[in-house]
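Structure data (compact mmCIF, C-alpha atoms) from start.txt:
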# COMPACT_ATOMS: atom_id res chain seq x y z
CA MET A 1 41.52 89.91 86.66
CA SER A 2 40.09 86.78 88.28
CA THR A 3 42.04 83.57 88.25
CA ALA A 4 41.70 79.90 89.00
CA GLY A 5 40.63 80.43 92.58
CA GLU A 6 37.12 81.55 91.76
CA ALA A 7 36.49 78.51 89.59
CA THR A 8 37.48 76.15 92.33
CA GLY A 9 35.89 77.73 95.38
CA ALA A 10 38.54 80.19 96.60
CA GLU A 11 37.64 83.77 97.38
CA PRO A 12 38.67 86.20 94.61
CA GLU A 13 41.23 88.02 96.69
CA GLU A 14 42.82 84.72 97.70
CA ALA A 15 43.14 83.24 94.23
CA ALA A 16 46.55 82.28 93.03
CA GLY A 17 47.97 80.77 89.89
CA GLY A 18 48.65 81.78 86.32
CA GLU A 19 46.84 84.80 84.90
CA PRO A 20 44.23 83.79 82.30
CA GLY A 21 45.52 84.40 78.84
CA SER A 22 49.14 84.63 79.86
CA GLY A 23 51.70 83.02 77.62
CA PRO A 24 53.51 83.84 74.39
CA GLY A 25 51.37 85.53 71.81
CA VAL A 26 48.12 85.34 73.82
CA GLY A 27 46.30 88.54 74.68
CA PRO A 28 43.83 89.07 77.53
CA GLU A 29 40.85 88.26 75.30
CA GLU A 30 42.47 85.45 73.32
CA LYS A 31 43.65 82.11 74.59
CA ARG A 32 44.97 79.36 72.38
CA VAL A 33 44.36 75.66 72.81
CA THR A 34 47.66 74.02 73.73
CA TRP A 35 49.16 70.97 72.05
CA ALA A 36 48.86 69.09 75.34
CA GLU A 37 45.10 69.62 75.32
CA LEU A 38 44.80 68.36 71.74
CA TYR A 39 46.86 65.28 72.55
CA PHE A 40 44.70 64.77 75.63
CA ASP A 41 41.61 64.72 73.35
CA LEU A 42 42.93 61.63 71.56
CA VAL A 43 42.24 59.58 74.68
CA PHE A 44 38.60 60.58 74.51
CA VAL A 45 38.32 59.53 70.89
CA PHE A 46 38.93 56.03 72.21
CA ALA A 47 36.74 56.55 75.27
CA ILE A 48 33.71 57.54 73.16
CA THR A 49 34.26 54.49 70.98
CA GLN A 50 34.19 52.33 74.10
CA VAL A 51 30.97 53.93 75.37
CA SER A 52 29.41 53.37 71.94
CA GLY A 53 30.43 49.73 72.12
CA LEU A 54 28.78 49.36 75.51
CA LEU A 55 25.53 50.82 74.14
CA HIS A 56 25.78 48.67 71.02
CA HIS A 57 25.43 45.51 73.11
CA GLN A 58 22.31 46.63 75.00
CA HIS A 59 19.74 48.86 73.28
CA ASP A 60 16.94 48.90 75.85
CA LEU A 61 16.25 51.55 78.50
CA THR A 62 18.46 49.81 81.03
CA GLY A 63 21.30 49.78 78.52
CA LEU A 64 20.85 53.51 77.87
CA VAL A 65 21.00 54.28 81.59
CA ARG A 66 24.06 52.09 82.12
CA ALA A 67 25.89 53.71 79.19
CA LEU A 68 24.97 57.24 80.33
CA VAL A 69 26.11 56.57 83.90
CA VAL A 70 29.50 55.50 82.54
CA PHE A 71 29.68 58.33 80.01
CA VAL A 72 29.13 61.12 82.56
CA PRO A 73 32.38 60.56 84.55
CA VAL A 74 34.33 60.16 81.29
CA TYR A 75 32.87 63.43 80.02
CA TRP A 76 33.32 65.19 83.37
CA CYS A 77 37.04 64.34 83.48
CA TRP A 78 37.34 66.06 80.12
CA VAL A 79 35.28 69.03 81.36
CA GLY A 80 37.37 69.41 84.54
CA THR A 81 40.60 69.43 82.55
CA THR A 82 39.19 71.91 80.02
CA VAL A 83 37.91 74.34 82.65
CA GLN A 84 41.18 74.48 84.56
CA ALA A 85 43.06 74.91 81.26
CA ASN A 86 40.69 77.74 80.33
CA ILE A 87 41.15 79.82 83.47
CA ARG A 88 44.90 79.25 83.90
CA ASP A 89 48.07 79.22 81.88
CA VAL A 90 48.76 75.49 81.40
CA ASP A 91 51.51 75.79 78.80
CA ASN A 92 54.24 74.85 81.26
CA LEU A 93 56.00 71.68 82.39
CA ARG A 94 53.96 71.06 85.55
CA ASP A 95 50.58 71.45 83.88
CA ARG A 96 51.57 69.55 80.74
CA LEU A 97 52.54 66.58 82.91
CA GLY A 98 49.32 66.96 84.89
CA ILE A 99 47.18 66.95 81.74
CA LEU A 100 49.01 63.88 80.45
CA LEU A 101 48.48 62.10 83.77
CA VAL A 102 44.75 62.85 83.61
CA GLY A 103 44.87 61.54 80.05
CA MET A 104 46.42 58.28 81.27
CA ALA A 105 43.67 57.98 83.88
CA GLY A 106 41.14 58.60 81.09
CA LEU A 107 42.73 55.79 79.07
CA PHE A 108 42.33 53.45 82.06
CA MET A 109 38.68 54.50 82.29
CA ALA A 110 38.16 53.81 78.58
CA LEU A 111 39.74 50.37 78.92
CA ALA A 112 37.40 49.63 81.82
CA VAL A 113 34.18 50.66 80.03
CA PRO A 114 33.42 47.33 78.25
CA GLY A 115 33.61 45.50 81.58
CA ALA A 116 32.42 48.37 83.76
CA TYR A 117 29.52 46.34 85.14
CA GLY A 118 31.71 43.29 85.53
CA ARG A 119 35.28 42.77 86.68
CA ARG A 120 36.57 46.16 85.51
CA GLY A 121 34.28 48.28 87.63
CA LEU A 122 36.98 48.87 90.23
CA LEU A 123 39.40 50.00 87.52
CA LEU A 124 36.87 52.55 86.27
CA GLY A 125 36.30 53.95 89.75
CA ALA A 126 39.99 54.07 90.67
CA ALA A 127 40.96 55.71 87.37
CA TYR A 128 38.29 58.36 87.76
CA TRP A 129 39.36 59.15 91.31
CA LEU A 130 42.99 59.39 90.17
CA ALA A 131 41.99 61.92 87.50
CA ARG A 132 40.08 64.04 90.02
CA VAL A 133 42.97 63.95 92.51
CA VAL A 134 45.43 65.07 89.83
CA LEU A 135 43.16 67.94 88.79
CA LEU A 136 42.87 69.03 92.41
CA LEU A 137 46.65 68.85 92.91
CA LEU A 138 47.16 71.10 89.90
CA LEU A 139 45.24 73.73 91.88
CA VAL A 140 46.47 72.78 95.34
CA ARG A 141 48.12 76.18 95.93
CA VAL A 142 44.78 77.93 95.52
CA PRO A 143 43.21 78.60 98.96
CA GLY A 144 39.71 77.14 99.25
CA VAL A 145 40.12 74.72 96.36
CA TRP A 146 38.40 72.00 98.42
CA ARG A 147 35.24 74.11 98.68
CA GLY A 148 34.23 73.79 95.05
CA PRO A 149 33.56 71.34 92.19
CA TYR A 150 37.12 70.01 92.18
CA GLY A 151 36.91 69.20 95.88
CA ALA A 152 33.52 67.54 95.37
CA GLY A 153 35.07 65.29 92.73
CA VAL A 154 37.76 64.10 95.14
CA LEU A 155 35.63 63.88 98.29
CA VAL A 156 32.29 62.65 96.94
CA SER A 157 31.95 61.42 93.35
CA GLY A 158 35.39 59.77 93.22
CA PRO A 159 34.82 57.64 96.36
CA LEU A 160 31.30 56.75 95.18
CA LEU A 161 32.66 55.42 91.91
CA LEU A 162 35.45 53.54 93.68
CA VAL A 163 33.15 51.89 96.23
CA GLY A 164 30.60 51.16 93.51
CA GLY A 165 33.24 49.23 91.61
CA LEU A 166 33.46 46.82 94.56
CA LEU A 167 29.71 46.07 94.66
CA SER A 168 27.37 43.89 92.64
CA ASP A 169 25.58 45.13 89.55
CA GLY A 170 22.48 46.75 91.09
CA PRO A 171 24.11 48.66 93.97
CA ARG A 172 26.99 49.58 91.65
CA LEU A 173 24.64 51.25 89.19
CA ALA A 174 22.92 53.12 92.03
CA LEU A 175 26.18 54.47 93.49
CA TRP A 176 27.55 55.38 90.08
CA ALA A 177 24.32 57.20 89.22
CA ALA A 178 24.66 59.15 92.48
CA ALA A 179 28.26 60.02 91.56
CA ALA A 180 27.16 61.23 88.13
CA LEU A 181 24.45 63.40 89.69
CA CYS A 182 26.99 64.80 92.14
CA ASP A 183 29.30 65.87 89.31
CA LEU A 184 26.45 67.38 87.31
CA ALA A 185 25.05 69.22 90.33
CA ALA A 186 28.38 70.65 91.56
CA PRO A 187 28.35 73.74 89.28
CA LEU A 188 24.84 74.54 90.54
CA VAL A 189 25.64 73.91 94.21
CA PHE A 190 28.72 76.14 94.05
CA ARG A 191 27.13 78.68 91.68
CA ARG A 192 27.61 81.65 94.02
CA ARG A 193 31.25 80.79 94.66
CA LEU A 194 31.87 80.66 90.91
CA ALA A 195 30.23 84.01 90.26
CA THR A 196 33.36 85.96 89.29
CA VAL A 197 35.35 83.32 87.44
CA ALA A 198 37.04 84.80 84.36
CA TYR A 199 36.39 82.37 81.51
CA HIS A 200 38.17 82.98 78.23
CA PRO A 201 35.44 83.47 75.61
CA SER A 202 37.46 82.09 72.70
CA HIS A 203 39.04 79.04 74.34
CA MET A 204 35.91 77.50 75.89
CA PRO A 205 33.75 77.37 72.73
CA GLU A 206 36.67 75.97 70.75
CA ARG A 207 37.31 73.20 73.28
CA PHE A 208 33.67 72.07 73.47
CA ALA A 209 33.33 72.24 69.69
CA THR A 210 36.36 69.96 69.50
CA PHE A 211 34.73 67.48 71.86
CA LEU A 212 31.58 67.44 69.74
CA LEU A 213 33.73 66.93 66.65
CA VAL A 214 35.32 63.92 68.38
CA ALA A 215 31.82 62.55 69.01
CA LEU A 216 30.85 63.15 65.38
CA GLY A 217 33.97 61.25 64.38
CA GLU A 218 32.37 58.21 66.02
CA THR A 219 29.53 58.40 63.47
CA VAL A 220 32.09 58.12 60.67
CA VAL A 221 33.69 55.16 62.45
CA GLY A 222 30.24 53.59 62.87
CA ILE A 223 29.68 53.88 59.12
CA GLY A 224 33.13 52.90 57.91
CA ALA A 225 33.92 50.07 60.31
CA THR A 226 30.60 48.39 59.54
CA ALA A 227 30.76 48.92 55.76
CA ALA A 228 34.33 47.58 55.61
CA ARG A 229 33.06 44.17 56.77
CA VAL A 230 30.33 43.72 54.12
CA ARG A 231 30.43 43.06 50.40
CA LEU A 232 29.48 46.66 49.40
CA ASP A 233 26.85 46.12 46.72
CA ALA A 234 24.77 49.00 45.35
CA ALA A 235 22.31 49.02 48.27
CA GLU A 236 25.09 49.09 50.83
CA LEU A 237 26.83 51.97 49.05
CA VAL A 238 23.57 53.93 49.05
CA ALA A 239 23.23 53.17 52.77
CA VAL A 240 26.76 54.45 53.37
CA ALA A 241 26.00 57.63 51.39
CA ALA A 242 22.77 58.20 53.31
CA ALA A 243 24.47 57.61 56.67
CA PHE A 244 27.28 60.01 55.79
CA THR A 245 24.70 62.61 54.72
CA ILE A 246 23.11 62.29 58.18
CA SER A 247 26.48 62.69 59.88
CA ALA A 248 27.34 65.70 57.70
CA GLY A 249 23.89 67.16 58.38
CA LEU A 250 24.49 66.97 62.13
CA TRP A 251 27.89 68.60 61.65
CA TRP A 252 26.30 71.35 59.54
CA GLN A 253 23.73 72.14 62.21
CA TYR A 254 26.43 72.92 64.75
CA PHE A 255 29.51 74.15 62.94
CA VAL A 256 28.09 76.30 60.15
CA TYR A 257 26.14 78.71 62.37
CA ALA A 258 25.59 77.52 65.96
CA ALA A 259 29.30 77.47 66.90
CA ASP A 260 29.72 81.17 66.07
CA ALA A 261 26.51 82.03 67.90
CA MET A 262 27.69 80.19 71.03
CA ARG A 263 30.99 82.03 70.96
CA HIS A 264 29.12 85.30 70.48
CA ALA A 265 26.86 84.49 73.45
CA VAL A 266 29.76 83.85 75.82
CA GLU A 267 31.56 86.99 74.64
CA VAL A 268 28.65 89.34 75.36
CA ALA A 269 27.11 87.55 78.36
CA ASP A 270 26.71 89.41 81.65
CA SER A 271 27.52 86.12 83.39
CA ARG A 272 29.91 83.92 81.45
CA ARG A 273 29.68 81.43 84.31
CA ASP A 274 26.02 80.77 83.50
CA VAL A 275 26.64 80.47 79.76
CA VAL A 276 29.52 78.06 80.29
CA ARG A 277 27.50 75.93 82.67
CA ARG A 278 24.22 75.86 80.73
CA ILE A 279 25.42 75.88 77.12
CA PHE A 280 28.74 74.12 77.26
CA GLN A 281 28.90 71.83 80.28
CA TYR A 282 25.26 70.68 80.19
CA GLY A 283 24.20 71.41 76.62
CA HIS A 284 27.17 69.65 75.04
CA LEU A 285 26.62 66.59 77.21
CA ALA A 286 23.21 66.22 75.56
CA LEU A 287 24.60 66.99 72.09
CA ALA A 288 27.35 64.39 72.46
CA ALA A 289 24.92 61.81 73.87
CA GLY A 290 22.64 62.31 70.87
CA VAL A 291 25.52 61.89 68.44
CA ILE A 292 26.68 58.69 70.17
CA GLY A 293 23.15 57.29 69.81
CA VAL A 294 23.21 58.04 66.08
CA ALA A 295 26.66 56.45 65.74
CA VAL A 296 25.49 53.21 67.36
CA GLY A 297 22.40 53.26 65.14
CA PHE A 298 24.64 53.42 62.07
CA GLU A 299 26.35 50.18 63.09
CA GLU A 300 23.00 48.41 62.83
CA THR A 301 21.62 50.04 59.68
CA VAL A 302 24.63 49.98 57.33
CA ALA A 303 25.37 46.29 57.91
CA ASP A 304 22.23 44.99 56.16
CA PRO A 305 20.26 47.67 54.25
CA TRP A 306 17.29 45.37 53.49
CA GLN A 307 16.77 44.11 57.02
CA ALA A 308 14.00 45.63 59.14
CA LEU A 309 15.46 47.10 62.31
CA GLY A 310 14.43 46.43 65.86
CA THR A 311 12.88 49.13 68.01
CA GLY A 312 16.13 49.67 69.91
CA SER A 313 18.21 50.41 66.81
CA VAL A 314 15.64 52.83 65.35
CA ALA A 315 15.27 54.50 68.75
CA LEU A 316 19.01 55.10 68.94
CA LEU A 317 19.19 56.54 65.43
CA TYR A 318 16.05 58.68 65.44
CA GLY A 319 16.03 59.31 69.18
CA GLY A 320 19.66 60.41 69.10
CA CYS A 321 18.96 62.77 66.20
CA GLY A 322 15.85 64.10 67.95
CA LEU A 323 17.77 64.75 71.16
CA TYR A 324 20.49 66.54 69.18
CA LEU A 325 18.00 68.86 67.48
CA LEU A 326 15.98 69.50 70.65
CA THR A 327 19.16 70.47 72.48
CA PHE A 328 19.57 73.40 70.09
CA GLY A 329 16.14 74.55 71.24
CA TYR A 330 17.48 74.53 74.80
CA THR A 331 20.75 76.30 73.92
CA ARG A 332 19.01 79.01 71.85
CA TRP A 333 16.61 79.74 74.69
CA MET A 334 19.44 79.84 77.26
CA MET A 335 21.52 82.15 75.05
CA PHE A 336 18.93 84.53 73.57
CA ARG A 337 15.53 83.68 75.10
CA ARG A 338 14.20 82.81 71.65
CA LEU A 339 12.63 79.63 70.31
CA SER A 340 14.46 77.48 67.80
CA THR A 341 11.32 76.82 65.81
CA THR A 342 12.76 74.99 62.80
CA ARG A 343 14.92 72.60 64.81
CA ILE A 344 12.21 71.90 67.38
CA ALA A 345 9.75 71.22 64.56
CA ALA A 346 12.27 68.95 62.84
CA ALA A 347 12.88 67.07 66.10
CA VAL A 348 9.13 66.54 66.54
CA VAL A 349 8.90 65.13 62.99
CA VAL A 350 11.90 62.84 63.54
CA LEU A 351 10.57 61.49 66.83
CA GLY A 352 7.05 61.22 65.41
CA LEU A 353 8.31 59.05 62.55
CA LEU A 354 10.12 56.67 64.91
CA PRO A 355 7.27 54.10 65.29
CA ALA A 356 6.74 53.91 61.51
CA MET A 357 10.46 53.41 60.84
CA VAL A 358 10.46 50.09 62.71
CA ARG A 359 8.52 48.58 59.80
CA LEU A 360 10.88 49.82 57.08
CA PRO A 361 14.14 48.24 55.91
CA ALA A 362 17.31 49.89 57.20
CA LEU A 363 17.93 51.62 53.86
CA GLY A 364 14.55 53.35 54.02
CA VAL A 365 15.21 54.41 57.61
CA LEU A 366 18.54 55.99 56.66
CA VAL A 367 17.31 57.71 53.47
CA THR A 368 14.28 59.18 55.25
CA LEU A 369 16.41 60.71 58.01
CA ALA A 370 18.98 61.98 55.50
CA VAL A 371 16.27 63.72 53.47
CA LEU A 372 14.81 65.33 56.60
CA LEU A 373 18.19 66.74 57.65
CA VAL A 374 18.94 68.03 54.14
CA LEU A 375 15.54 69.76 54.08
CA LEU A 376 16.13 71.25 57.53
CA ASN A 377 19.54 72.62 56.55
CA GLY A 378 18.07 73.97 53.31
CA VAL A 379 15.28 75.80 55.14
CA GLU A 380 17.73 77.26 57.64
CA HIS A 381 20.07 78.35 54.87
CA LEU A 382 17.24 80.26 53.20
CA ARG A 383 16.29 81.89 56.50
CA VAL A 384 19.88 82.96 57.08
CA VAL A 385 20.23 84.40 53.58
CA ARG A 386 17.03 86.41 53.96
CA ALA A 387 17.89 87.62 57.46
CA SER A 388 21.51 88.49 56.72
CA ALA A 389 20.44 90.56 53.70
CA GLY A 390 18.92 93.04 56.13
CA ALA A 391 21.57 92.79 58.84
CA PRO A 392 24.34 95.37 58.34
CA VAL A 393 27.85 94.37 59.33
CA PRO A 394 30.14 97.29 60.16
CA ALA A 395 33.50 97.48 58.46
CA GLY A 396 36.23 95.87 60.48
CA ALA A 397 33.87 93.56 62.40
CA SER A 398 35.45 90.38 63.71
CA GLY A 399 34.91 87.05 61.98
CA GLU A 400 32.96 85.77 64.96
CA ALA A 401 30.71 88.84 64.94
CA VAL A 402 30.09 88.48 61.20
CA GLY A 403 29.21 84.83 61.83
CA ALA A 404 26.74 85.85 64.52
CA VAL A 405 25.04 88.33 62.20
CA ARG A 406 24.89 85.79 59.38
CA ALA A 407 23.27 83.38 61.81
CA VAL A 408 20.28 85.71 62.22
CA GLY A 409 17.08 83.75 61.82
CA ALA A 410 18.68 80.29 61.81
CA ALA A 411 17.31 78.01 64.48
CA GLY A 412 19.67 77.66 67.40
CA THR A 413 21.67 80.77 66.57
CA ALA A 414 21.80 84.45 67.36
CA PRO A 415 18.75 86.69 67.18
CA ALA A 416 18.50 89.65 64.83
CA SER A 417 19.27 92.00 67.70
CA ALA A 418 22.63 90.39 68.42
CA PRO A 419 25.24 93.15 68.77
CA VAL A 420 28.24 93.21 66.48
CA GLU A 421 31.64 93.85 68.01
Write-out of the structure in structure tokens:
Amino acid sequence: MSTAGEATGAEPEEAAGGEPGSGPGVGPEEKRVTWAELYFDLVFVFAITQVSGLLHHQHDLTGLVRALVVFVPVYWCWVGTTVQANIRDVDNLRDRLGILLVGMAGLFMALAVPGAYGRRGLLLGAAYWLARVVLLLLLVRVPGVWRGPYGAGVLVSGPLLLVGGLLSDGPRLALWAAAALCDLAAPLVFRRRLATVAYHPSHMPERFATFLLVALGETVVGIGATAARVRLDAAELVAVAAAFTISAGLWWQYFVYAADAMRHAVEVADSRRDVVRRIFQYGHLALAAGVIGVAVGFEETVADPWQALGTGSVALLYGGCGLYLLTFGYTRWMMFRRLSTTRIAAAVVVLGLLPAMVRLPALGVLVTLAVLLVLLNGVEHLRVVRASAGAPVPAGASGEAVGAVRAVGAAGTAPASAPVE
């Protein structure tokens, strides 16, 4: 079975390290998330809050670009740690300490985010480079580790972020954008070298679902932290209820059916490498970015339900929701080569309503979006019920397979022809 070497650039016969799935109680097709990984995630709860705060202070296009350029290295540190934990046994002293050290670097990055384009730019770059060096050292015994994404992080994107932190605002943004593009392009550049990597089909979907759940948690913080500072009259309580309905609607879209379909797709894929790259590494970046936009929008809308919102706030709320829904169109096509008609249509409606929402009070903006998401989930539920009525599930089928069959016909989930294992 392939090991860490293939994921980092080593030739298959040269790969060394722990066998995927090894460890107490873990079979070859089942890998459990370790406690170290879950503790590591707590750092990124804070990091996402910091990125949201950065976006909160600047809503225009420049602010979006600046926030995204900072978010990509934060996200990619999490991705790098998750991938190496997926393909290796990390439930040991050395790897636990390594994951915690990357977590400390991530905490430094999060602390630097509010002043990333000021005095803390160097801290952000240095912390990111430290994280990439630690991840590389965890795989240092693997021949060829430098000739892959982990090596690119140490040799290219890390130095770009570090040098950028020493420059003024404009050149800094340019270098950091180049570093972000380097990280995002690395899986494509080294695609052939990653061809035989053995990803665990259960661990990877669970980890990326956890990251999205962390991002969704920011929407709850955006609602609660804002509402806690106001007097909470009837209108504000309705605004809180509408905002929570939106957050729950976004959760429903992913976790009720799409999560099982994504796990099903990686289990049956001819090339798990391509599914992991397209659906998880890239797709979840867009999903998380959309959720962060919605979370920042909540901070503006819940505070004063009767105030008309500016274009920036409405764009974050409706644009973030539109991006989230459109991303399911991308993931469905990448997984099953089928269109996600209901979610694409809903995204078009949401984005089409954006100009009109600028004229409405915040309460109307929230209630309208909440109603749209409830209607979308209702339509998809009916489609699933009708499709699953004609989709036989063999006795003894796994829970994930049953979930895939039940997802037949729902936008963003498995097609009717999805096999049951």
(request) For each of A:Ala243, A:Val266, A:Leu250, A:Val296, take the minimum atom-to-atom distance to Leu366 (chain A), counting all atoms listed in the file, then give the residue where this is smallest. (result) A:Ala243
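Atom pair CA of Ser271 (chain A) / CA of Leu325 (chain A) has a distance of 25.3 Å (rounded to one decimal).
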Tell me which residues come within 12 Å of (39.8, 51.6, 84.3), as a PDB file with C-alpha atoms, in the frame of the given file, counting only C-alpha atoms in the file's coordinates.
ATOM      1  CA  ALA A  47      36.740  56.550  75.270  1.00  0.00           C
ATOM      2  CA  GLN A  50      34.190  52.330  74.100  1.00  0.00           C
ATOM      3  CA  VAL A  70      29.500  55.500  82.540  1.00  0.00           C
ATOM      4  CA  PRO A  73      32.380  60.560  84.550  1.00  0.00           C
ATOM      5  CA  VAL A  74      34.330  60.160  81.290  1.00  0.00           C
ATOM      6  CA  GLY A 103      44.870  61.540  80.050  1.00  0.00           C
ATOM      7  CA  MET A 104      46.420  58.280  81.270  1.00  0.00           C
ATOM      8  CA  ALA A 105      43.670  57.980  83.880  1.00  0.00           C
ATOM      9  CA  GLY A 106      41.140  58.600  81.090  1.00  0.00           C
ATOM     10  CA  LEU A 107      42.730  55.790  79.070  1.00  0.00           C
ATOM     11  CA  PHE A 108      42.330  53.450  82.060  1.00  0.00           C
ATOM     12  CA  MET A 109      38.680  54.500  82.290  1.00  0.00           C
ATOM     13  CA  ALA A 110      38.160  53.810  78.580  1.00  0.00           C
ATOM     14  CA  LEU A 111      39.740  50.370  78.920  1.00  0.00           C
ATOM     15  CA  ALA A 112      37.400  49.630  81.820  1.00  0.00           C
ATOM     16  CA  VAL A 113      34.180  50.660  80.030  1.00  0.00           C
ATOM     17  CA  PRO A 114      33.420  47.330  78.250  1.00  0.00           C
ATOM     18  CA  GLY A 115      33.610  45.500  81.580  1.00  0.00           C
ATOM     19  CA  ALA A 116      32.420  48.370  83.760  1.00  0.00           C
ATOM     20  CA  TYR A 117      29.520  46.340  85.140  1.00  0.00           C
ATOM     21  CA  GLY A 118      31.710  43.290  85.530  1.00  0.00           C
ATOM     22  CA  ARG A 119      35.280  42.770  86.680  1.00  0.00           C
ATOM     23  CA  ARG A 120      36.570  46.160  85.510  1.00  0.00           C
ATOM     24  CA  GLY A 121      34.280  48.280  87.630  1.00  0.00           C
ATOM     25  CA  LEU A 122      36.980  48.870  90.230  1.00  0.00           C
ATOM     26  CA  LEU A 123      39.400  50.000  87.520  1.00  0.00           C
ATOM     27  CA  LEU A 124      36.870  52.550  86.270  1.00  0.00           C
ATOM     28  CA  GLY A 125      36.300  53.950  89.750  1.00  0.00           C
ATOM     29  CA  ALA A 126      39.990  54.070  90.670  1.00  0.00           C
ATOM     30  CA  ALA A 127      40.960  55.710  87.370  1.00  0.00           C
ATOM     31  CA  TYR A 128      38.290  58.360  87.760  1.00  0.00           C
ATOM     32  CA  TRP A 129      39.360  59.150  91.310  1.00  0.00           C
ATOM     33  CA  LEU A 130      42.990  59.390  90.170  1.00  0.00           C
ATOM     34  CA  ALA A 131      41.990  61.920  87.500  1.00  0.00           C
ATOM     35  CA  LEU A 161      32.660  55.420  91.910  1.00  0.00           C
ATOM     36  CA  LEU A 162      35.450  53.540  93.680  1.00  0.00           C
ATOM     37  CA  GLY A 165      33.240  49.230  91.610  1.00  0.00           C
TER      38      GLY A 165
END
(request) Would you mind reading off the distance between CA of Ala227 (chain A) and CA of Pro361 (chain A), one decimal, in Å? (result)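 Computing it gives 16.6 Å between the two atoms.
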(request) Kindly provide, as a PyMOL selection string, the polymer residues lying within 12 Å of (48.0, 72.4, 71.7), counting all atoms listed in the file and using the coordinates exactly as they appear in the file. (result) chain A and resi 31-42+85+90-92+96+99+203+206-207
Residues just named, written with C-alpha atoms as a PDB file, keeping the file's coordinate frame:
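Result file result_5.pdb:
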ATOM      1  CA  LYS A  31      43.650  82.110  74.590  1.00  0.00           C
ATOM      2  CA  ARG A  32      44.970  79.360  72.380  1.00  0.00           C
ATOM      3  CA  VAL A  33      44.360  75.660  72.810  1.00  0.00           C
ATOM      4  CA  THR A  34      47.660  74.020  73.730  1.00  0.00           C
ATOM      5  CA  TRP A  35      49.160  70.970  72.050  1.00  0.00           C
ATOM      6  CA  ALA A  36      48.860  69.090  75.340  1.00  0.00           C
ATOM      7  CA  GLU A  37      45.100  69.620  75.320  1.00  0.00           C
ATOM      8  CA  LEU A  38      44.800  68.360  71.740  1.00  0.00           C
ATOM      9  CA  TYR A  39      46.860  65.280  72.550  1.00  0.00           C
ATOM     10  CA  PHE A  40      44.700  64.770  75.630  1.00  0.00           C
ATOM     11  CA  ASP A  41      41.610  64.720  73.350  1.00  0.00           C
ATOM     12  CA  LEU A  42      42.930  61.630  71.560  1.00  0.00           C
ATOM     13  CA  ALA A  85      43.060  74.910  81.260  1.00  0.00           C
ATOM     14  CA  VAL A  90      48.760  75.490  81.400  1.00  0.00           C
ATOM     15  CA  ASP A  91      51.510  75.790  78.800  1.00  0.00           C
ATOM     16  CA  ASN A  92      54.240  74.850  81.260  1.00  0.00           C
ATOM     17  CA  ARG A  96      51.570  69.550  80.740  1.00  0.00           C
ATOM     18  CA  ILE A  99      47.180  66.950  81.740  1.00  0.00           C
ATOM     19  CA  HIS A 203      39.040  79.040  74.340  1.00  0.00           C
ATOM     20  CA  GLU A 206      36.670  75.970  70.750  1.00  0.00           C
ATOM     21  CA  ARG A 207      37.310  73.200  73.280  1.00  0.00           C
TER      22      ARG A 207
END
(request) Rounded to one decimal place, report the CA of Gly297 (chain A)-CA of Val314 (chain A) distance in Å. (result) 6.8 Å
(message) Neighbouring residues of Ala269 (chain A) were defined as those with any atom within 12 Å, considering only C-alpha atoms; residues of the same chain fewer than 4 positions away were excluded. Please report them as a list in words.
(response) Ala198, Tyr199, His200, Pro201, Ala261, Met262, Arg263, His264, Ala265, Arg273, Asp274, Val275, Val276, Ile279, Met334, Met335, Phe336, Ala418 and Pro419 of chain A
(request) Could you check which of A:Asn86, A:Ser340, A:Gln58, A:Thr301 is closest to Thr226 (chain A), using all atoms listed in the file? (result) A:Thr301
(request) Counting all atoms listed in the file, figure out which residue out of A:Leu55, A:Val79, A:Ile87, A:Leu101 gets nearest to Gln281 (chain A). (result) A:Val79
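Nearest to Ala180 (chain A) of all the residues A:Leu373, A:Val72, A:Ala288, A:Leu353 is A:Val72, counting only C-alpha atoms.
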Name all residues at most 9 Å from Ala152 (chain A) (count only C-alpha atoms; drop same-chain ones fewer than 4 positions away) and give them as a PDB file with C-alpha atoms, keeping the file's coordinate frame.
ATOM      1  CA  TRP A 146      38.400  72.000  98.420  1.00  0.00           C
ATOM      2  CA  ARG A 147      35.240  74.110  98.680  1.00  0.00           C
ATOM      3  CA  GLY A 148      34.230  73.790  95.050  1.00  0.00           C
ATOM      4  CA  VAL A 156      32.290  62.650  96.940  1.00  0.00           C
ATOM      5  CA  SER A 157      31.950  61.420  93.350  1.00  0.00           C
ATOM      6  CA  GLY A 158      35.390  59.770  93.220  1.00  0.00           C
ATOM      7  CA  CYS A 182      26.990  64.800  92.140  1.00  0.00           C
ATOM      8  CA  ASP A 183      29.300  65.870  89.310  1.00  0.00           C
ATOM      9  CA  ALA A 186      28.380  70.650  91.560  1.00  0.00           C
TER      10      ALA A 186
END
